[in-house]
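The file model22.pdb comes next; it holds PDB, C-alpha atoms and all ligand atoms.
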```
ATOM      1  CA  MET A   1     -25.426  89.155 -46.810
ATOM      2  CA  ALA A   2     -24.596  85.512 -47.452
ATOM      3  CA  ALA A   3     -26.263  85.440 -50.854
ATOM      4  CA  GLU A   4     -25.515  81.822 -51.694
ATOM      5  CA  SER A   5     -27.864  80.466 -49.046
ATOM      6  CA  VAL A   6     -30.656  83.049 -49.254
ATOM      7  CA  PHE A   7     -33.964  81.244 -49.407
ATOM      8  CA  SER A   8     -35.942  84.150 -50.779
ATOM      9  CA  LEU A   9     -36.433  87.872 -50.593
ATOM     10  CA  PHE A  10     -39.387  89.814 -49.279
ATOM     11  CA  GLU A  11     -39.320  93.552 -49.862
ATOM     12  CA  THR A  12     -41.446  96.331 -48.417
ATOM     13  CA  PRO A  13     -41.134 100.127 -48.807
ATOM     14  CA  ASN A  14     -39.042 100.192 -45.599
ATOM     15  CA  ALA A  15     -37.284  96.847 -45.440
ATOM     16  CA  ILE A  16     -35.525  94.093 -47.365
ATOM     17  CA  TRP A  17     -36.007  90.753 -45.612
ATOM     18  CA  HIS A  18     -33.784  87.815 -46.577
ATOM     19  CA  LEU A  19     -35.772  84.766 -45.599
ATOM     20  CA  TYR A  20     -34.157  81.548 -44.389
ATOM     21  CA  GLY A  21     -35.505  78.189 -43.314
ATOM     22  CA  ALA A  22     -39.272  77.942 -43.299
ATOM     23  CA  ALA A  23     -39.862  81.704 -42.983
ATOM     24  CA  GLN A  24     -42.903  82.079 -45.223
ATOM     25  CA  HIS A  25     -43.779  85.182 -47.195
ATOM     26  CA  ALA A  26     -47.288  85.284 -45.757
ATOM     27  CA  ARG A  27     -46.037  85.188 -42.173
ATOM     28  CA  VAL A  28     -43.343  87.792 -42.867
ATOM     29  CA  GLU A  29     -45.815  90.047 -44.665
ATOM     30  CA  GLU A  30     -48.146  89.872 -41.676
ATOM     31  CA  ALA A  31     -45.312  90.567 -39.208
ATOM     32  CA  SER A  32     -43.320  93.024 -41.320
ATOM     33  CA  SER A  33     -44.191  96.272 -39.576
ATOM     34  CA  LEU A  34     -43.703  94.716 -36.125
ATOM     35  CA  MET A  35     -40.364  93.373 -37.336
ATOM     36  CA  GLU A  36     -39.334  96.847 -38.502
ATOM     37  CA  GLN A  37     -40.256  98.296 -35.105
ATOM     38  CA  LEU A  38     -38.282  95.569 -33.350
ATOM     39  CA  VAL A  39     -35.170  96.228 -35.424
ATOM     40  CA  MET A  40     -35.385  99.943 -34.574
ATOM     41  CA  SER A  41     -35.765  99.007 -30.943
ATOM     42  CA  SER A  42     -32.846  96.546 -30.995
ATOM     43  CA  ARG A  43     -30.697  99.298 -32.497
ATOM     44  CA  GLU A  44     -31.720 101.610 -29.647
ATOM     45  CA  ALA A  45     -30.966  98.880 -27.113
ATOM     46  CA  ARG A  46     -27.550  98.381 -28.694
ATOM     47  CA  GLY A  47     -26.867 102.022 -27.851
ATOM     48  CA  ARG A  48     -27.405 101.220 -24.163
ATOM     49  CA  ALA A  49     -24.932  98.307 -24.107
ATOM     50  CA  TYR A  50     -22.352  98.200 -21.345
ATOM     51  CA  ALA A  51     -19.431  96.677 -23.234
ATOM     52  CA  PRO A  52     -16.188  98.323 -22.059
ATOM     53  CA  TYR A  53     -14.139  95.118 -22.388
ATOM     54  CA  SER A  54     -15.020  93.763 -25.828
ATOM     55  CA  GLY A  55     -16.348  96.974 -27.354
ATOM     56  CA  PHE A  56     -18.890  94.708 -29.095
ATOM     57  CA  ARG A  57     -22.328  96.206 -28.538
ATOM     58  CA  VAL A  58     -25.443  94.099 -28.868
ATOM     59  CA  GLY A  59     -29.107  95.024 -28.627
ATOM     60  CA  ALA A  60     -32.004  92.582 -28.617
ATOM     61  CA  ALA A  61     -35.695  93.350 -28.970
ATOM     62  CA  LEU A  62     -38.437  90.792 -28.791
ATOM     63  CA  ARG A  63     -42.170  90.288 -28.627
ATOM     64  CA  MET A  64     -43.692  87.866 -26.182
ATOM     65  CA  ASP A  65     -47.474  87.478 -25.941
ATOM     66  CA  GLY A  66     -47.881  90.671 -27.959
ATOM     67  CA  GLU A  67     -45.669  92.814 -25.740
ATOM     68  CA  PRO A  68     -42.286  94.310 -26.657
ATOM     69  CA  PHE A  69     -39.148  94.003 -24.512
ATOM     70  CA  SER A  70     -35.520  94.843 -25.127
ATOM     71  CA  GLY A  71     -32.102  94.366 -23.598
ATOM     72  CA  SER A  72     -28.431  94.991 -24.215
ATOM     73  CA  ASN A  73     -25.236  93.168 -23.307
ATOM     74  CA  ILE A  74     -23.898  93.868 -19.829
ATOM     75  CA  GLU A  75     -20.227  93.012 -19.460
ATOM     76  CA  ASN A  76     -18.286  92.418 -16.270
ATOM     77  CA  ALA A  77     -14.656  92.658 -15.146
ATOM     78  CA  SER A  78     -15.051  88.973 -14.357
ATOM     79  CA  TYR A  79     -15.636  88.220 -18.029
ATOM     80  CA  GLY A  80     -17.637  85.038 -17.539
ATOM     81  CA  ALA A  81     -20.281  86.991 -15.618
ATOM     82  CA  THR A  82     -21.199  88.907 -18.763
ATOM     83  CA  LEU A  83     -24.868  88.868 -19.772
ATOM     84  CA  CYS A  84     -25.812  88.676 -23.453
ATOM     85  CA  ALA A  85     -28.395  91.119 -24.772
ATOM     86  CA  GLU A  86     -30.806  88.348 -25.800
ATOM     87  CA  ARG A  87     -30.921  86.840 -22.330
ATOM     88  CA  VAL A  88     -31.344  90.264 -20.701
ATOM     89  CA  ALA A  89     -34.382  90.890 -22.924
ATOM     90  CA  LEU A  90     -35.769  87.387 -22.377
ATOM     91  CA  ALA A  91     -35.376  87.663 -18.609
ATOM     92  CA  ALA A  92     -37.311  90.951 -18.558
ATOM     93  CA  ALA A  93     -40.185  89.394 -20.522
ATOM     94  CA  VAL A  94     -40.313  86.065 -18.710
ATOM     95  CA  ASP A  95     -40.162  87.819 -15.344
ATOM     96  CA  GLU A  96     -43.354  89.656 -16.323
ATOM     97  CA  GLY A  97     -45.063  86.328 -16.889
ATOM     98  CA  HIS A  98     -44.690  85.992 -20.660
ATOM     99  CA  ARG A  99     -44.014  82.562 -22.104
ATOM    100  CA  HIS A 100     -44.507  82.728 -25.884
ATOM    101  CA  LEU A 101     -41.676  84.157 -27.939
ATOM    102  CA  GLU A 102     -43.034  85.464 -31.236
ATOM    103  CA  LEU A 103     -40.225  87.569 -32.676
ATOM    104  CA  LEU A 104     -36.615  88.235 -31.692
ATOM    105  CA  ALA A 105     -34.460  90.905 -33.355
ATOM    106  CA  VAL A 106     -30.729  91.327 -32.757
ATOM    107  CA  SER A 107     -28.515  94.284 -33.694
ATOM    108  CA  THR A 108     -24.777  94.201 -33.103
ATOM    109  CA  SER A 109     -21.912  96.594 -33.673
ATOM    110  CA  ALA A 110     -20.488  94.264 -36.363
ATOM    111  CA  GLU A 111     -20.207  95.981 -39.732
ATOM    112  CA  PRO A 112     -23.355  95.747 -41.860
ATOM    113  CA  ASN A 113     -23.277  92.890 -44.361
ATOM    114  CA  THR A 114     -20.774  90.823 -42.429
ATOM    115  CA  PRO A 115     -21.586  87.089 -42.346
ATOM    116  CA  PRO A 116     -24.647  86.314 -40.197
ATOM    117  CA  GLY A 117     -22.492  84.382 -37.719
ATOM    118  CA  LEU A 118     -21.022  87.715 -36.586
ATOM    119  CA  ARG A 119     -24.486  89.093 -35.880
ATOM    120  CA  SER A 120     -26.509  86.200 -34.546
ATOM    121  CA  PRO A 121     -27.350  84.867 -31.066
ATOM    122  CA  CYS A 122     -24.754  82.668 -29.380
ATOM    123  CA  GLY A 123     -25.511  79.028 -28.609
ATOM    124  CA  ILE A 124     -26.409  79.697 -24.986
ATOM    125  CA  CYS A 125     -28.901  82.399 -25.982
ATOM    126  CA  ARG A 126     -30.407  80.111 -28.629
ATOM    127  CA  GLN A 127     -30.937  77.432 -26.007
ATOM    128  CA  VAL A 128     -32.467  79.882 -23.524
ATOM    129  CA  ALA A 129     -34.738  81.388 -26.201
ATOM    130  CA  SER A 130     -35.683  77.884 -27.314
ATOM    131  CA  GLU A 131     -37.474  77.338 -24.001
ATOM    132  CA  PHE A 132     -40.081  79.904 -25.109
ATOM    133  CA  ALA A 133     -39.898  79.542 -28.901
ATOM    134  CA  SER A 134     -42.283  77.755 -31.243
ATOM    135  CA  ASP A 135     -42.132  76.754 -34.890
ATOM    136  CA  GLU A 136     -43.614  80.178 -35.696
ATOM    137  CA  THR A 137     -40.947  82.158 -33.857
ATOM    138  CA  LEU A 138     -38.925  84.333 -36.222
ATOM    139  CA  VAL A 139     -35.385  85.527 -35.515
ATOM    140  CA  ILE A 140     -34.318  88.731 -37.248
ATOM    141  CA  LEU A 141     -30.628  89.567 -37.689
ATOM    142  CA  ASP A 142     -30.102  93.246 -38.399
ATOM    143  CA  ALA A 143     -27.825  93.597 -41.443
ATOM    144  CA  GLY A 144     -27.765  97.395 -41.397
ATOM    145  CA  THR A 145     -29.156  99.953 -43.811
ATOM    146  CA  ALA A 146     -29.244  99.360 -47.565
ATOM    147  CA  SER A 147     -27.974 102.012 -49.996
ATOM    148  CA  ASP A 148     -31.590 103.086 -50.615
ATOM    149  CA  GLY A 149     -32.107 103.710 -46.884
ATOM    150  CA  ARG A 150     -34.213 100.628 -46.210
ATOM    151  CA  LEU A 151     -33.336  98.394 -43.313
ATOM    152  CA  GLN A 152     -32.146  94.953 -44.253
ATOM    153  CA  ALA A 153     -32.034  91.790 -42.208
ATOM    154  CA  GLU A 154     -31.970  88.036 -42.362
ATOM    155  CA  VAL A 155     -35.131  86.405 -41.049
ATOM    156  CA  ALA A 156     -35.035  82.764 -39.971
ATOM    157  CA  THR A 157     -37.410  80.400 -38.281
ATOM    158  CA  PHE A 158     -36.222  79.263 -34.881
ATOM    159  CA  ASP A 159     -35.945  75.630 -35.997
ATOM    160  CA  TRP A 160     -33.621  76.695 -38.749
ATOM    161  CA  LEU A 161     -31.369  78.505 -36.271
ATOM    162  CA  LEU A 162     -31.336  75.658 -33.743
ATOM    163  CA  PRO A 163     -32.336  72.340 -35.316
ATOM    164  CA  TRP A 164     -33.150  69.340 -33.137
ATOM    165  CA  ARG A 165     -33.206  71.588 -30.106
ATOM    166  CA  PHE A 166     -33.247  69.908 -26.735
ATOM    167  CA  ASN A 167     -36.516  69.838 -24.842
ATOM    168  CA  LEU A 168     -38.160  67.702 -22.184
ATOM    169  CA  GLY A 169     -41.376  67.320 -24.150
ATOM    170  CA  HIS A 170     -43.282  70.154 -22.430
TER     171      HIS A 170
HETATM  172  N1  LIG B   1     -22.993  88.896 -26.927
HETATM  173  C1  LIG B   1     -24.345  89.092 -26.852
HETATM  174  O1  LIG B   1     -24.819  90.037 -26.218
HETATM  175  N2  LIG B   1     -25.148  88.201 -27.486
HETATM  176  C2  LIG B   1     -24.711  87.129 -28.181
HETATM  177  O2  LIG B   1     -25.519  86.306 -28.605
HETATM  178  C3  LIG B   1     -23.290  86.974 -28.465
HETATM  179  C4  LIG B   1     -22.385  87.790 -27.618
HETATM  180  C5  LIG B   1     -22.106  89.827 -26.228
HETATM  181  C6  LIG B   1     -21.401  89.235 -25.048
HETATM  182  C7  LIG B   1     -20.171  90.136 -24.968
HETATM  183  O3  LIG B   1     -20.500  91.279 -24.206
HETATM  184  C8  LIG B   1     -19.916  90.564 -26.396
HETATM  185  O4  LIG B   1     -21.110  90.285 -27.122
HETATM  186  C9  LIG B   1     -18.748  89.863 -27.054
HETATM  187  O5  LIG B   1     -18.886  88.494 -26.939
END
```
Full structure transcribed into structure tokens:
Amino acid sequence: MAAESVFSLFETPNAIWHLYGAAQHARVEEASSLMEQLVMSSREARGRAYAPYSGFRVGAALRMDGEPFSGSNIENASYGATLCAERVALAAAVDEGHRHLELLAVSTSAEPNTPPGLRSPCGICRQVASEFASDETLVILDAGTASDGRLQAEVATFDWLLPWRFNLGH
């Protein structure tokens, strides 16, 4: 956990959320149990990753319009054809007609408590997610399990993760 830039902490019986950007306590409190479910689901998705080349497994779980979706990274012998977990999950949701990204959780096979940059969505995935994100969208980076068994994660608002994001004013 990158303690020096932690905005604040929000703790529940099951989770320790490290809040960044404009992630407000009230919003996190309201979303906390959904966020816990999403982290469990992104961990499950990580287990389904097809990552024989890098060995780096990623799972993403998200909620769009109240419905949960997940995806994992799918690598390819032609490396550039690899699909990131976040975009696999987004594609599944958008293909079903969903347009409003509420929450996005990401779990990777990086060691727990490594810097967030080792566990967070790449620039391309941020841009793709940005198409469906709003100021209320929260991104949750799984930081593993704390010594007391609770899950821990960074939680950031989308704007904080991708400031001044490109859009065509839609
Ligand atoms: N990867 C993701 O699935 N999401 C990201 O945001 C970053 C990278 C995958 C792609 C590749 O299979 C592996 O992680 C190593 O880059």
List as a ChimeraX atom specification the protein and nucleic acid residues near range 144-158 of chain A, meaning an atom at most 6 Å away when only C-alpha atoms are counted, but skip any in the same chain fewer than 6 places from it.
/A:14-23,112,137-138
Can you work out which residues are within 10 Å of ligand LIG 1 (chain B), considering all atoms listed in the file, and then hand them over as a PyMOL selection string?
chain A and resi 46+49-60+71-76+79-88+106-109+117-126
What is the distance, in Å and to one decimal place, between CA of Ala89 in chain A and CA of Ser70 in chain A?
4.7 Å
Work out how far apart CA of Phe166 in chain A and CA of Phe132 in chain A are and give it in Å to one decimal.
12.2 Å
Name every residue that the PyMOL selection byres (((chain A and resi 41) around 9) and not hetatm) selects in this structure, writing the answer as an MDAnalysis selection string with chains first and numbers rising.
chainID A and resid 36:40 42:46 59:62 69:70 105
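When CA of Leu101 in chain A is paired with CA of Ala133 in chain A, their separation reads 5.0 Å.
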For each of A:Pro163, A:Pro68, A:Pro116, A:Pro13, take the minimum atom-to-atom distance to Asp135 in chain A, counting all atoms listed in the file, then give the residue where this is smallest.
A:Pro163
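Proximity to Leu103 in chain A was assessed for A:Glu136, A:Glu131, A:Asp142, A:Asp159 counting only C-alpha atoms; the smallest distance is recorded for A:Glu136.
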Listed atoms of range 24-42 of chain A boxed along x, y and z, 3 Å each side, centre and edge lengths in Å, one decimal, as lines of an AutoDock Vina configuration file:
```
center_x = -40.5
center_y = 91.0
center_z = -39.1
size_x = 21.3
size_y = 23.9
size_z = 22.3
```
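Here the PyMOL selection byres (((chain A and resi 98) around 9) and not hetatm) matches the residues Met64, Asp65, Glu67, Ala93, Val94, Asp95, Glu96, Gly97, Arg99, His100, Leu101 and Phe132 of chain A.
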